[in-house]
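Trainee: Below you'll find work11.tsv; it's TSV, C-alpha atoms.
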chain	number	residue	atom	x	y	z
A	281	MET	CA	-26.23	33.32	-13.59
A	282	THR	CA	-24.46	30.20	-14.92
A	283	THR	CA	-26.99	27.71	-16.23
A	284	LEU	CA	-26.71	23.97	-15.71
A	285	SER	CA	-26.29	23.08	-19.38
A	286	SER	CA	-23.76	25.85	-20.09
A	287	THR	CA	-21.14	24.26	-17.83
A	288	VAL	CA	-20.79	20.90	-19.61
A	289	ASP	CA	-20.37	19.41	-23.08
A	290	GLY	CA	-20.53	15.76	-22.04
A	291	LEU	CA	-21.96	13.55	-19.30
A	292	MET	CA	-20.89	10.37	-17.54
A	293	ILE	CA	-23.86	8.56	-16.00
A	294	ASP	CA	-23.86	5.93	-13.26
A	295	ILE	CA	-26.43	3.14	-13.58
A	296	ALA	CA	-27.30	1.46	-10.26
A	297	GLY	CA	-28.88	4.08	-8.00
A	298	VAL	CA	-29.33	6.59	-10.83
A	299	LEU	CA	-31.22	4.72	-13.54
A	300	THR	CA	-32.06	1.50	-11.69
A	301	ILE	CA	-32.49	0.03	-8.23
A	302	GLY	CA	-32.39	-3.72	-7.69
A	303	GLY	CA	-32.53	-4.42	-11.41
A	304	GLU	CA	-35.66	-2.30	-11.94
A	305	ALA	CA	-35.92	1.12	-13.56
A	306	ILE	CA	-36.32	4.11	-11.27
A	307	PRO	CA	-39.63	5.76	-12.23
A	308	GLY	CA	-39.15	8.44	-14.87
A	309	ALA	CA	-35.55	7.50	-15.64
A	310	GLN	CA	-36.22	6.01	-19.11
A	311	GLN	CA	-38.09	9.06	-20.37
A	312	ALA	CA	-35.50	11.36	-18.83
A	313	LEU	CA	-32.75	9.58	-20.74
A	314	GLN	CA	-34.72	9.87	-23.99
A	315	THR	CA	-35.15	13.59	-23.33
A	316	LEU	CA	-31.43	13.94	-22.72
A	317	ARG	CA	-30.70	12.02	-25.92
A	318	ALA	CA	-32.78	14.49	-27.88
A	319	ARG	CA	-30.52	17.26	-26.60
A	320	GLY	CA	-27.63	15.63	-28.49
A	321	ILE	CA	-25.07	15.82	-25.69
A	322	PRO	CA	-22.39	13.06	-25.71
A	323	LEU	CA	-23.04	10.41	-23.03
A	324	ARG	CA	-21.15	7.50	-21.49
A	325	PHE	CA	-22.43	5.10	-18.88
A	326	ILE	CA	-19.86	4.20	-16.21
A	327	THR	CA	-20.77	1.67	-13.55
A	328	ASN	CA	-19.22	-0.40	-10.79
A	329	THR	CA	-21.93	-3.04	-11.15
A	330	THR	CA	-20.10	-6.36	-11.33
A	331	ILE	CA	-22.88	-8.95	-11.38
A	332	TYR	CA	-22.96	-9.07	-15.18
A	333	CYS	CA	-20.59	-8.91	-18.10
A	334	ARG	CA	-21.01	-5.83	-20.26
A	335	HIS	CA	-23.04	-7.62	-22.96
A	336	THR	CA	-25.60	-8.92	-20.46
A	337	LEU	CA	-25.89	-5.58	-18.69
A	338	CYS	CA	-26.49	-3.77	-21.97
A	339	GLU	CA	-29.26	-6.21	-22.90
A	340	LEU	CA	-30.84	-5.81	-19.46
A	341	LEU	CA	-30.86	-2.02	-19.70
A	342	GLN	CA	-32.37	-2.15	-23.18
A	343	SER	CA	-35.05	-4.56	-21.93
A	344	LEU	CA	-35.94	-1.99	-19.26
A	345	GLY	CA	-36.43	0.67	-21.92
A	346	PHE	CA	-33.11	2.51	-21.65
A	347	ALA	CA	-31.52	3.72	-24.88
A	348	VAL	CA	-28.01	2.45	-24.16
A	349	GLU	CA	-25.56	1.16	-26.76
A	350	MET	CA	-22.73	-1.28	-26.07
A	351	ASP	CA	-19.96	1.10	-27.11
A	352	GLU	CA	-21.23	3.71	-24.61
A	353	LEU	CA	-21.16	1.31	-21.66
A	354	PHE	CA	-18.16	0.94	-19.35
A	355	THR	CA	-18.14	-1.55	-16.49
A	356	ALA	CA	-15.71	-2.47	-13.73
A	357	THR	CA	-15.66	-6.06	-15.03
A	358	LEU	CA	-14.51	-4.77	-18.42
A	359	ALA	CA	-11.86	-2.61	-16.75
A	360	ALA	CA	-10.52	-5.61	-14.84
A	361	ALA	CA	-10.51	-7.83	-17.92
A	362	ARG	CA	-8.59	-5.22	-19.89
A	363	TYR	CA	-6.09	-4.79	-17.06
A	364	LEU	CA	-5.40	-8.53	-16.92
A	365	GLU	CA	-5.07	-8.61	-20.69
A	366	GLU	CA	-2.55	-5.75	-20.57
A	367	GLN	CA	-0.58	-7.69	-17.94
A	368	LYS	CA	-0.63	-10.76	-20.20
A	369	ALA	CA	-2.26	-12.77	-17.43
A	370	GLU	CA	-2.97	-16.45	-17.95
A	371	ARG	CA	-4.52	-17.65	-14.69
A	372	TYR	CA	-6.88	-16.02	-12.20
A	373	LEU	CA	-9.12	-16.84	-9.26
A	374	PRO	CA	-12.51	-15.12	-9.65
A	375	LEU	CA	-14.65	-14.08	-6.73
A	376	LEU	CA	-17.31	-13.12	-9.24
A	377	MET	CA	-20.76	-14.17	-10.39
A	378	PRO	CA	-20.74	-16.64	-13.33
A	379	ASP	CA	-22.11	-14.09	-15.81
A	380	ALA	CA	-19.40	-11.57	-14.91
A	381	GLN	CA	-16.75	-14.21	-15.56
A	382	GLN	CA	-17.72	-14.18	-19.25
A	383	GLU	CA	-15.76	-10.92	-19.50
A	384	PHE	CA	-12.58	-12.91	-18.82
A	385	ILE	CA	-12.84	-15.49	-21.61
A	386	GLY	CA	-9.36	-16.67	-22.52
A	387	LEU	CA	-8.10	-16.77	-18.94
A	388	ASP	CA	-7.89	-20.05	-17.04
A	389	VAL	CA	-9.59	-20.28	-13.65
A	390	ASP	CA	-6.93	-21.53	-11.24
A	391	GLU	CA	-7.83	-22.23	-7.62
A	392	GLU	CA	-4.38	-23.47	-6.65
A	393	ASN	CA	-1.83	-21.08	-8.13
A	394	PRO	CA	-3.50	-18.07	-9.76
A	395	GLN	CA	-1.58	-14.97	-10.82
A	396	TYR	CA	-4.50	-12.71	-9.84
A	397	VAL	CA	-7.41	-12.81	-7.40
A	398	VAL	CA	-10.26	-10.75	-8.86
A	399	VAL	CA	-12.98	-9.67	-6.42
A	400	GLY	CA	-16.38	-8.32	-7.40
A	401	ASP	CA	-19.93	-9.06	-6.30
A	402	LEU	CA	-20.42	-12.65	-5.19
A	403	GLY	CA	-23.38	-12.35	-2.82
A	404	ALA	CA	-23.87	-15.48	-0.73
A	405	GLY	CA	-20.90	-16.98	-2.57
A	406	PHE	CA	-18.59	-15.11	-0.19
A	407	THR	CA	-18.13	-18.20	1.96
A	408	TYR	CA	-15.31	-18.80	4.41
A	409	SER	CA	-13.94	-21.53	2.15
A	410	ARG	CA	-13.86	-19.24	-0.89
A	411	MET	CA	-12.33	-16.36	1.02
A	412	ASN	CA	-9.68	-18.59	2.55
A	413	MET	CA	-8.80	-19.94	-0.89
A	414	ALA	CA	-8.26	-16.36	-2.05
A	415	PHE	CA	-6.26	-15.58	1.10
A	416	ARG	CA	-3.88	-18.48	0.44
A	417	ALA	CA	-3.46	-17.46	-3.19
A	418	LEU	CA	-2.45	-13.97	-2.08
A	419	LEU	CA	0.08	-15.40	0.37
A	420	ASN	CA	1.51	-17.35	-2.56
A	421	GLY	CA	2.09	-14.14	-4.49
A	422	ALA	CA	-1.12	-13.53	-6.44
A	423	GLN	CA	-2.10	-9.88	-6.98
A	424	LEU	CA	-5.39	-8.69	-5.50
A	425	VAL	CA	-7.57	-6.89	-8.03
A	426	ALA	CA	-10.76	-5.28	-6.73
A	427	LEU	CA	-13.47	-4.26	-9.16
A	428	HIS	CA	-14.45	-1.68	-6.55
A	429	LYS	CA	-14.43	-1.12	-2.78
A	430	LYS	CA	-17.98	0.11	-2.23
A	431	ARG	CA	-19.22	-0.47	1.31
A	432	PHE	CA	-22.87	-1.14	0.55
A	433	TRP	CA	-25.57	-0.91	-2.09
A	434	ARG	CA	-29.34	-0.47	-2.11
A	435	THR	CA	-32.02	-2.88	-3.30
A	436	PRO	CA	-35.82	-2.73	-2.90
A	437	ASP	CA	-35.23	-4.76	0.30
A	438	GLY	CA	-32.85	-2.20	1.77
A	439	LEU	CA	-29.09	-1.80	2.13
A	440	PHE	CA	-26.71	-4.73	1.68
A	441	MET	CA	-22.97	-5.09	2.27
A	442	ASP	CA	-20.99	-4.71	-0.93
A	443	ALA	CA	-17.72	-6.22	-2.16
A	444	GLY	CA	-15.53	-3.59	-0.50
A	445	SER	CA	-15.89	-5.25	2.89
A	446	PHE	CA	-14.56	-8.53	1.53
A	447	VAL	CA	-11.73	-6.79	-0.30
A	448	ALA	CA	-10.73	-5.08	2.95
A	449	SER	CA	-10.83	-8.44	4.74
A	450	LEU	CA	-8.41	-9.98	2.25
A	451	GLU	CA	-6.14	-6.94	2.39
A	452	TYR	CA	-5.99	-7.17	6.18
A	453	ALA	CA	-5.48	-10.93	6.37
A	454	ALA	CA	-2.83	-11.19	3.64
A	455	GLU	CA	-1.23	-7.80	4.38
A	456	VAL	CA	-1.53	-6.66	0.78
A	457	GLY	CA	-3.12	-3.71	-1.00
A	458	ALA	CA	-5.75	-4.19	-3.67
A	459	LEU	CA	-5.58	-2.57	-7.07
A	460	VAL	CA	-9.00	-0.97	-7.56
A	461	VAL	CA	-9.93	-0.86	-11.26
A	462	GLY	CA	-13.48	0.52	-10.97
A	463	LYS	CA	-14.62	3.91	-9.70
A	464	PRO	CA	-12.99	6.01	-8.27
A	465	SER	CA	-9.90	4.72	-10.09
A	466	THR	CA	-8.31	7.49	-12.15
A	467	ALA	CA	-7.41	4.95	-14.86
A	468	TYR	CA	-11.09	3.96	-15.17
A	469	PHE	CA	-12.27	7.55	-15.39
A	470	ARG	CA	-9.47	8.39	-17.84
A	471	ARG	CA	-10.50	5.55	-20.16
A	472	VAL	CA	-14.09	6.83	-20.24
A	473	LEU	CA	-13.11	10.48	-20.63
A	474	ASP	CA	-10.78	9.62	-23.50
A	475	ASP	CA	-13.57	7.74	-25.22
A	476	LEU	CA	-16.00	10.60	-24.61
A	477	GLY	CA	-13.57	13.00	-26.26
A	478	VAL	CA	-14.57	16.01	-24.15
A	479	PRO	CA	-12.15	17.90	-21.88
A	480	SER	CA	-12.71	16.82	-18.28
A	481	ALA	CA	-13.45	20.39	-17.21
A	482	ARG	CA	-16.48	20.30	-19.50
A	483	VAL	CA	-17.82	16.96	-18.23
A	484	ALA	CA	-20.12	16.12	-15.31
A	485	MET	CA	-20.46	12.76	-13.60
A	486	ILE	CA	-24.01	11.91	-12.47
A	487	GLY	CA	-24.07	9.46	-9.57
A	488	ASP	CA	-25.52	8.47	-6.21
A	489	ASP	CA	-22.19	7.67	-4.52
A	490	ILE	CA	-20.50	10.78	-3.11
A	491	GLU	CA	-17.11	9.08	-2.88
A	492	ALA	CA	-16.85	6.87	-5.98
A	493	ASP	CA	-18.85	9.13	-8.32
A	494	VAL	CA	-18.52	12.71	-7.09
A	495	ARG	CA	-15.03	12.72	-5.61
A	496	GLY	CA	-13.74	10.35	-8.29
A	497	ALA	CA	-14.88	12.71	-11.04
A	498	GLN	CA	-13.64	15.81	-9.24
A	499	ARG	CA	-10.17	14.32	-8.95
A	500	MET	CA	-10.13	14.17	-12.75
A	501	GLY	CA	-11.15	17.82	-13.03
A	502	ALA	CA	-14.77	17.01	-13.90
A	503	GLN	CA	-17.90	18.08	-12.03
A	504	GLY	CA	-19.73	15.74	-9.67
A	505	TRP	CA	-23.53	15.90	-9.73
A	506	LEU	CA	-25.18	13.92	-6.93
A	507	VAL	CA	-28.68	12.43	-7.06
A	508	LYS	CA	-30.56	11.48	-3.89
A	509	THR	CA	-31.69	8.09	-5.14
A	510	GLY	CA	-29.94	4.72	-4.76
A	511	LYS	CA	-27.45	4.56	-1.93
A	512	PHE	CA	-27.58	8.27	-1.04
A	513	ARG	CA	-27.94	9.03	2.66
A	514	ARG	CA	-28.14	12.45	4.30
A	515	GLU	CA	-24.94	11.68	6.20
A	516	ASP	CA	-23.10	11.66	2.84
A	517	LEU	CA	-23.24	15.45	2.81
A	518	GLY	CA	-21.06	15.54	5.91
A	519	ARG	CA	-18.06	13.82	4.31
A	520	ALA	CA	-16.34	17.07	3.26
A	521	ILE	CA	-17.01	16.26	-0.39
A	522	TRP	CA	-18.91	19.03	-2.13
A	523	PRO	CA	-20.92	18.13	-5.24
A	524	GLU	CA	-21.30	20.96	-7.73
A	525	ARG	CA	-25.00	20.11	-7.98
A	526	ILE	CA	-27.48	18.01	-5.96
A	527	PHE	CA	-30.79	16.71	-7.34
A	528	GLU	CA	-33.65	14.64	-5.99
A	529	SER	CA	-33.41	12.28	-8.98
A	530	PHE	CA	-32.08	11.80	-12.50
A	531	GLU	CA	-35.50	12.84	-13.76
A	532	GLU	CA	-35.29	16.16	-11.93
A	533	LEU	CA	-31.73	16.72	-13.17
A	534	VAL	CA	-32.69	16.18	-16.80
A	535	GLY	CA	-35.78	18.34	-16.38
A	536	GLN	CA	-33.64	21.27	-15.26
A	537	PHE	CA	-30.91	20.60	-17.81
A	538	CYS	CA	-33.21	20.45	-20.80
A	539	ALA	CA	-35.45	23.31	-19.70
A	540	GLU	CA	-32.61	25.81	-20.14
Kindly return the structure encoded in the file as C-alpha coordinates.

Mentor:
Amino acid sequence: MTTLSSTVDGLMIDIAGVLTIGGEAIPGAQQALQTLRARGIPLRFITNTTIYCRHTLCELLQSLGFAVEMDELFTATLAAARYLEEQKAERYLPLLMPDAQQEFIGLDVDEENPQYVVVGDLGAGFTYSRMNMAFRALLNGAQLVALHKKRFWRTPDGLFMDAGSFVASLEYAAEVGALVVGKPSTAYFRRVLDDLGVPSARVAMIGDDIEADVRGAQRMGAQGWLVKTGKFRREDLGRAIWPERIFESFEELVGQFCAE
(Lines of atoms letter the chains of each structure in order from A and count residues from 1; the text may use other names and numbers.)
(Lines give C-alpha, C1' and ligand atoms only; values in the text may rest on other atoms or scores of the structure.)
Protein backbone atom coordinates (compact mmCIF):
# COMPACT_ATOMS: atom_id res chain seq x y z
CA MET A 1 0.00 0.00 0.00
CA THR A 2 1.29 3.48 -0.91
CA THR A 3 1.98 5.48 2.23
CA LEU A 4 1.18 9.16 2.58
CA SER A 5 4.77 10.34 2.94
CA SER A 6 6.09 8.18 0.08
CA THR A 7 4.12 10.13 -2.53
CA VAL A 8 5.61 13.59 -1.93
CA ASP A 9 8.96 15.34 -1.49
CA GLY A 10 7.59 18.81 -0.82
CA LEU A 11 4.48 20.52 0.55
CA MET A 12 2.61 23.75 -0.17
CA ILE A 13 0.49 24.82 2.79
CA ASP A 14 -2.44 27.23 2.84
CA ILE A 15 -2.76 29.46 5.92
CA ALA A 16 -6.31 30.73 6.54
CA GLY A 17 -8.52 27.72 7.20
CA VAL A 18 -5.58 25.34 7.62
CA LEU A 19 -3.36 26.95 10.25
CA THR A 20 -5.60 29.82 11.37
CA ILE A 21 -9.20 30.97 11.50
CA GLY A 22 -10.05 34.62 12.03
CA GLY A 23 -6.48 35.49 12.91
CA GLU A 24 -6.22 32.83 15.62
CA ALA A 25 -4.36 29.53 15.48
CA ILE A 26 -6.41 26.39 14.93
CA PRO A 27 -5.80 24.16 17.98
CA GLY A 28 -2.89 21.80 17.44
CA ALA A 29 -1.68 23.48 14.26
CA GLN A 30 1.50 25.02 15.75
CA GLN A 31 2.74 21.73 17.18
CA ALA A 32 1.81 19.91 13.99
CA LEU A 33 3.95 22.32 11.97
CA GLN A 34 6.88 21.83 14.36
CA THR A 35 6.49 18.07 13.96
CA LEU A 36 6.48 18.43 10.19
CA ARG A 37 9.57 20.65 10.37
CA ALA A 38 11.42 17.93 12.24
CA ARG A 39 10.74 15.60 9.32
CA GLY A 40 12.87 17.89 7.14
CA ILE A 41 10.51 18.05 4.16
CA PRO A 42 10.68 21.30 2.10
CA LEU A 43 7.71 23.60 2.79
CA ARG A 44 6.21 26.73 1.26
CA PHE A 45 3.23 28.66 2.53
CA ILE A 46 0.91 29.90 -0.22
CA THR A 47 -2.08 32.04 0.71
CA ASN A 48 -4.75 34.22 -0.84
CA THR A 49 -5.04 36.27 2.34
CA THR A 50 -4.90 39.89 1.22
CA ILE A 51 -5.49 41.87 4.41
CA TYR A 52 -1.77 42.19 5.13
CA CYS A 53 1.48 42.69 3.28
CA ARG A 54 3.82 39.71 3.46
CA HIS A 55 6.01 41.22 6.19
CA THR A 56 3.06 41.83 8.52
CA LEU A 57 1.57 38.40 7.87
CA CYS A 58 4.88 36.70 8.65
CA GLU A 59 5.16 38.59 11.95
CA LEU A 60 1.58 37.67 12.84
CA LEU A 61 2.15 33.97 12.18
CA GLN A 62 5.34 34.01 14.23
CA SER A 63 3.51 35.75 17.08
CA LEU A 64 0.97 32.90 17.02
CA GLY A 65 3.76 30.36 17.43
CA PHE A 66 4.15 29.21 13.82
CA ALA A 67 7.67 28.54 12.57
CA VAL A 68 7.37 30.44 9.30
CA GLU A 69 10.18 32.35 7.59
CA MET A 70 9.70 35.27 5.20
CA ASP A 71 11.35 33.56 2.24
CA GLU A 72 8.92 30.61 2.56
CA LEU A 73 5.82 32.79 2.48
CA PHE A 74 3.95 33.62 -0.74
CA THR A 75 0.91 35.89 -0.74
CA ALA A 76 -1.53 37.11 -3.37
CA THR A 77 -0.57 40.71 -2.53
CA LEU A 78 3.06 39.88 -3.34
CA ALA A 79 2.00 38.20 -6.59
CA ALA A 80 0.05 41.30 -7.62
CA ALA A 81 2.88 43.65 -6.71
CA ARG A 82 5.34 41.60 -8.75
CA TYR A 83 2.97 41.51 -11.71
CA LEU A 84 2.59 45.31 -11.69
CA GLU A 85 6.35 45.67 -11.38
CA GLU A 86 6.86 43.38 -14.39
CA GLN A 87 4.38 45.51 -16.35
CA LYS A 88 6.32 48.64 -15.36
CA ALA A 89 3.17 50.11 -13.85
CA GLU A 90 3.25 53.60 -12.38
CA ARG A 91 -0.30 54.27 -11.18
CA TYR A 92 -2.95 52.05 -9.61
CA LEU A 93 -6.25 52.23 -7.76
CA PRO A 94 -6.21 49.89 -4.74
CA LEU A 95 -9.31 48.27 -3.34
CA LEU A 96 -7.14 46.94 -0.53
CA MET A 97 -6.62 47.34 3.19
CA PRO A 98 -3.94 49.93 4.12
CA ASP A 99 -1.47 47.31 5.36
CA ALA A 100 -1.73 45.34 2.11
CA GLN A 101 -0.93 48.49 0.15
CA GLN A 102 2.56 48.48 1.69
CA GLU A 103 3.38 45.71 -0.79
CA PHE A 104 3.00 48.26 -3.60
CA ILE A 105 5.48 50.89 -2.40
CA GLY A 106 6.79 52.79 -5.40
CA LEU A 107 3.44 52.94 -7.19
CA ASP A 108 1.30 56.07 -7.08
CA VAL A 109 -2.31 55.76 -5.94
CA ASP A 110 -4.40 57.38 -8.67
CA GLU A 111 -8.16 57.66 -8.25
CA GLU A 112 -8.71 59.52 -11.51
CA ASN A 113 -6.66 57.78 -14.20
CA PRO A 114 -5.03 54.59 -12.89
CA GLN A 115 -3.44 52.01 -15.16
CA TYR A 116 -4.62 49.15 -12.93
CA VAL A 117 -7.46 48.52 -10.49
CA VAL A 118 -6.27 46.02 -7.87
CA VAL A 119 -8.97 44.27 -5.85
CA GLY A 120 -8.39 42.32 -2.65
CA ASP A 121 -10.06 42.26 0.75
CA LEU A 122 -11.55 45.61 1.73
CA GLY A 123 -14.30 44.59 4.15
CA ALA A 124 -16.71 47.42 4.88
CA GLY A 125 -14.59 49.60 2.59
CA PHE A 126 -16.43 48.09 -0.39
CA THR A 127 -18.75 51.08 -0.60
CA TYR A 128 -20.80 52.09 -3.62
CA SER A 129 -18.63 55.16 -4.06
CA ARG A 130 -15.41 53.13 -4.08
CA MET A 131 -16.81 50.50 -6.41
CA ASN A 132 -18.12 53.13 -8.80
CA MET A 133 -14.72 54.83 -8.85
CA ALA A 134 -13.18 51.50 -9.86
CA PHE A 135 -15.92 50.96 -12.45
CA ARG A 136 -15.17 54.31 -14.10
CA ALA A 137 -11.45 53.61 -14.11
CA LEU A 138 -12.08 50.34 -15.93
CA LEU A 139 -14.25 52.11 -18.51
CA ASN A 140 -11.33 54.48 -19.05
CA GLY A 141 -9.04 51.57 -19.91
CA ALA A 142 -7.54 50.44 -16.59
CA GLN A 143 -6.83 46.71 -16.25
CA LEU A 144 -8.67 44.79 -13.53
CA VAL A 145 -6.33 42.74 -11.35
CA ALA A 146 -7.94 40.44 -8.77
CA LEU A 147 -5.86 39.04 -5.95
CA HIS A 148 -8.34 36.17 -5.91
CA LYS A 149 -12.00 35.40 -6.66
CA LYS A 150 -12.96 33.46 -3.54
CA ARG A 151 -16.68 33.57 -2.81
CA PHE A 152 -16.54 33.53 0.98
CA TRP A 153 -14.31 32.92 3.98
CA ARG A 154 -14.80 31.73 7.55
CA THR A 155 -14.25 33.61 10.80
CA PRO A 156 -15.19 32.68 14.38
CA ASP A 157 -18.43 34.60 13.68
CA GLY A 158 -19.30 32.48 10.65
CA LEU A 159 -19.06 32.83 6.87
CA PHE A 160 -18.53 36.20 5.19
CA MET A 161 -18.60 37.27 1.55
CA ASP A 162 -15.12 37.48 0.08
CA ALA A 163 -13.56 39.69 -2.60
CA GLY A 164 -14.64 37.46 -5.49
CA SER A 165 -18.18 38.81 -5.38
CA PHE A 166 -16.93 42.37 -5.82
CA VAL A 167 -14.56 41.34 -8.60
CA ALA A 168 -17.45 39.69 -10.42
CA SER A 169 -19.54 42.84 -9.97
CA LEU A 170 -16.87 44.98 -11.62
CA GLU A 171 -16.40 42.46 -14.42
CA TYR A 172 -20.12 42.49 -15.13
CA ALA A 173 -20.58 46.26 -14.94
CA ALA A 174 -17.52 47.20 -17.02
CA GLU A 175 -17.71 44.17 -19.34
CA VAL A 176 -14.10 43.21 -18.67
CA GLY A 177 -12.32 40.11 -17.41
CA ALA A 178 -10.12 40.21 -14.33
CA LEU A 179 -6.60 38.86 -14.25
CA VAL A 180 -6.48 36.64 -11.16
CA VAL A 181 -2.97 36.56 -9.68
CA GLY A 182 -3.64 34.48 -6.55
CA LYS A 183 -4.76 30.85 -6.30
CA PRO A 184 -5.75 29.05 -8.50
CA SER A 185 -3.61 31.04 -10.96
CA THR A 186 -1.09 28.78 -12.69
CA ALA A 187 1.48 31.60 -12.64
CA TYR A 188 1.15 31.84 -8.84
CA PHE A 189 1.52 28.11 -8.34
CA ARG A 190 4.42 27.99 -10.81
CA ARG A 191 6.29 30.70 -8.89
CA VAL A 192 5.96 28.74 -5.65
CA LEU A 193 6.81 25.39 -7.22
CA ASP A 194 9.92 26.86 -8.86
CA ASP A 195 11.03 28.24 -5.52
CA LEU A 196 10.32 24.92 -3.80
CA GLY A 197 12.52 23.16 -6.34
CA VAL A 198 10.57 19.90 -6.29
CA PRO A 199 8.86 18.39 -9.37
CA SER A 200 5.13 19.13 -9.20
CA ALA A 201 4.29 15.43 -9.34
CA ARG A 202 6.09 15.04 -6.01
CA VAL A 203 4.34 17.95 -4.29
CA ALA A 204 1.05 18.15 -2.38
CA MET A 205 -0.99 21.26 -1.68
CA ILE A 206 -2.71 21.31 1.72
CA GLY A 207 -5.79 23.52 1.78
CA ASP A 208 -9.40 24.00 2.82
CA ASP A 209 -10.64 25.35 -0.53
CA ILE A 210 -11.50 22.57 -2.97
CA GLU A 211 -11.38 24.91 -5.98
CA ALA A 212 -8.49 27.30 -5.30
CA ASP A 213 -6.27 24.82 -3.42
CA VAL A 214 -7.11 21.32 -4.61
CA ARG A 215 -8.06 21.92 -8.24
CA GLY A 216 -5.44 24.65 -8.60
CA ALA A 217 -2.69 22.29 -7.50
CA GLN A 218 -4.00 19.39 -9.57
CA ARG A 219 -3.91 21.54 -12.71
CA MET A 220 -0.17 21.91 -12.09
CA GLY A 221 0.29 18.15 -11.75
CA ALA A 222 0.53 18.26 -7.95
CA GLN A 223 -1.67 16.49 -5.43
CA GLY A 224 -4.49 18.26 -3.60
CA TRP A 225 -4.97 17.35 0.06
CA LEU A 226 -8.15 18.78 1.58
CA VAL A 227 -8.67 19.54 5.27
CA LYS A 228 -12.16 19.91 6.76
CA THR A 229 -11.40 23.07 8.70
CA GLY A 230 -11.82 26.69 7.58
CA LYS A 231 -14.25 27.18 4.73
CA PHE A 232 -14.81 23.48 4.02
CA ARG A 233 -18.45 22.44 3.62
CA ARG A 234 -19.78 18.96 2.90
CA GLU A 235 -21.25 20.25 -0.37
CA ASP A 236 -17.67 20.83 -1.60
CA LEU A 237 -17.32 17.10 -2.17
CA GLY A 238 -20.05 17.27 -4.81
CA ARG A 239 -18.18 19.65 -7.12
CA ALA A 240 -16.60 16.88 -9.24
CA ILE A 241 -13.18 17.75 -7.84
CA TRP A 242 -11.49 14.77 -6.24
CA PRO A 243 -8.81 15.43 -3.62
CA GLU A 244 -6.16 12.73 -3.39
CA ARG A 245 -6.54 12.83 0.40
CA ILE A 246 -9.08 14.26 2.87
CA PHE A 247 -8.33 14.95 6.54
CA GLU A 248 -10.26 16.32 9.49
CA SER A 249 -7.50 18.85 10.19
CA PHE A 250 -3.87 19.80 9.56
CA GLU A 251 -3.05 18.16 12.89
CA GLU A 252 -4.52 14.85 11.76
CA LEU A 253 -2.72 15.10 8.41
CA VAL A 254 0.66 15.64 10.03
CA GLY A 255 -0.01 12.88 12.54
CA GLN A 256 -0.54 10.38 9.73
CA PHE A 257 2.32 11.74 7.63
CA CYS A 258 4.91 11.60 10.37
CA ALA A 259 3.76 8.28 11.82
CA GLU A 260 4.83 6.44 8.67

Trainee: One number please: atom CA of Ala520 of chain A to atom CA of Glu491 of chain A, in Å, one decimal.

Mentor: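 Calculated distance between atom CA of Ala520 of chain A and atom CA of Glu491 of chain A is 10.1 Å.
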
Trainee: Please indicate the distance in Å from atom CA of Ser286 of chain A to atom CA of Gly320 of chain A, rounded to one decimal place.

Mentor: 13.8 Å

Trainee: For segment 361-450 of chain A against segment 459-475 of chain A, with a cut-off of 6 Å and counting all atoms listed in the file, what is the closest atom pair and its distance in Å to one decimal for every residue that makes the cut, ordered by chain and number, as CSV?

Mentor:
residue,atom,partner,partner_atom,distance
A:Val425,CA,A:Leu459,CA,4.9
A:Ala426,CA,A:Val460,CA,4.7
A:Leu427,CA,A:Gly462,CA,5.1
A:His428,CA,A:Gly462,CA,5.0

Trainee: Of the candidates A:Tyr332, A:Trp505, A:Phe537, A:Phe325, which shows the shortest atom-to-atom distance to Gln382 of chain A, using all atoms listed in the file?

Mentor: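 Distance minimum relative to Gln382 of chain A lands on A:Tyr332.
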
Trainee: Contacts between segment 336-353 of chain A and segment 288-309 of chain A, please, where a residue of segment 288-309 of chain A counts if it comes within 9 Å (with all atoms listed in the file); show its shortest atom pair and distance in Å to one decimal, rows by chain and ascending number, as JSON lines.

Mentor:
{"residue": "A:Leu299", "atom": "CA", "partner": "A:Phe346", "partner_atom": "CA", "distance": 8.6}
{"residue": "A:Thr300", "atom": "CA", "partner": "A:Leu341", "partner_atom": "CA", "distance": 8.8}
{"residue": "A:Gly303", "atom": "CA", "partner": "A:Leu340", "partner_atom": "CA", "distance": 8.3}
{"residue": "A:Glu304", "atom": "CA", "partner": "A:Leu344", "partner_atom": "CA", "distance": 7.3}
{"residue": "A:Ala305", "atom": "CA", "partner": "A:Leu344", "partner_atom": "CA", "distance": 6.5}
{"residue": "A:Ala309", "atom": "CA", "partner": "A:Phe346", "partner_atom": "CA", "distance": 8.2}

Trainee: Which residue is closest to Glu540 of chain A? Choose from A:Ala318, A:Leu284, A:Ala481, A:Ile326 and count only C-alpha atoms.

Mentor: A:Leu284

Trainee: Measuring atom to atom with only C-alpha atoms, identify which of A:Ile301, A:Ala417, A:Leu313, A:Val447 is nearest to Leu533 of chain A.

Mentor: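 Of all the options, A:Leu313 lies closest to Leu533 of chain A.
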
Trainee: From the list A:Pro307, A:Ser409, A:Gly510, A:Glu370, which residue is nearest Asp437 of chain A when using all atoms listed in the file?

Mentor: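 Of all the options, A:Gly510 lies closest to Asp437 of chain A.
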
Trainee: Pick from A:Met500, A:Ile331, A:Ala414, A:Ala359: nearest to Asp442 of chain A, with all atoms listed in the file counted?

Mentor: A:Ile331
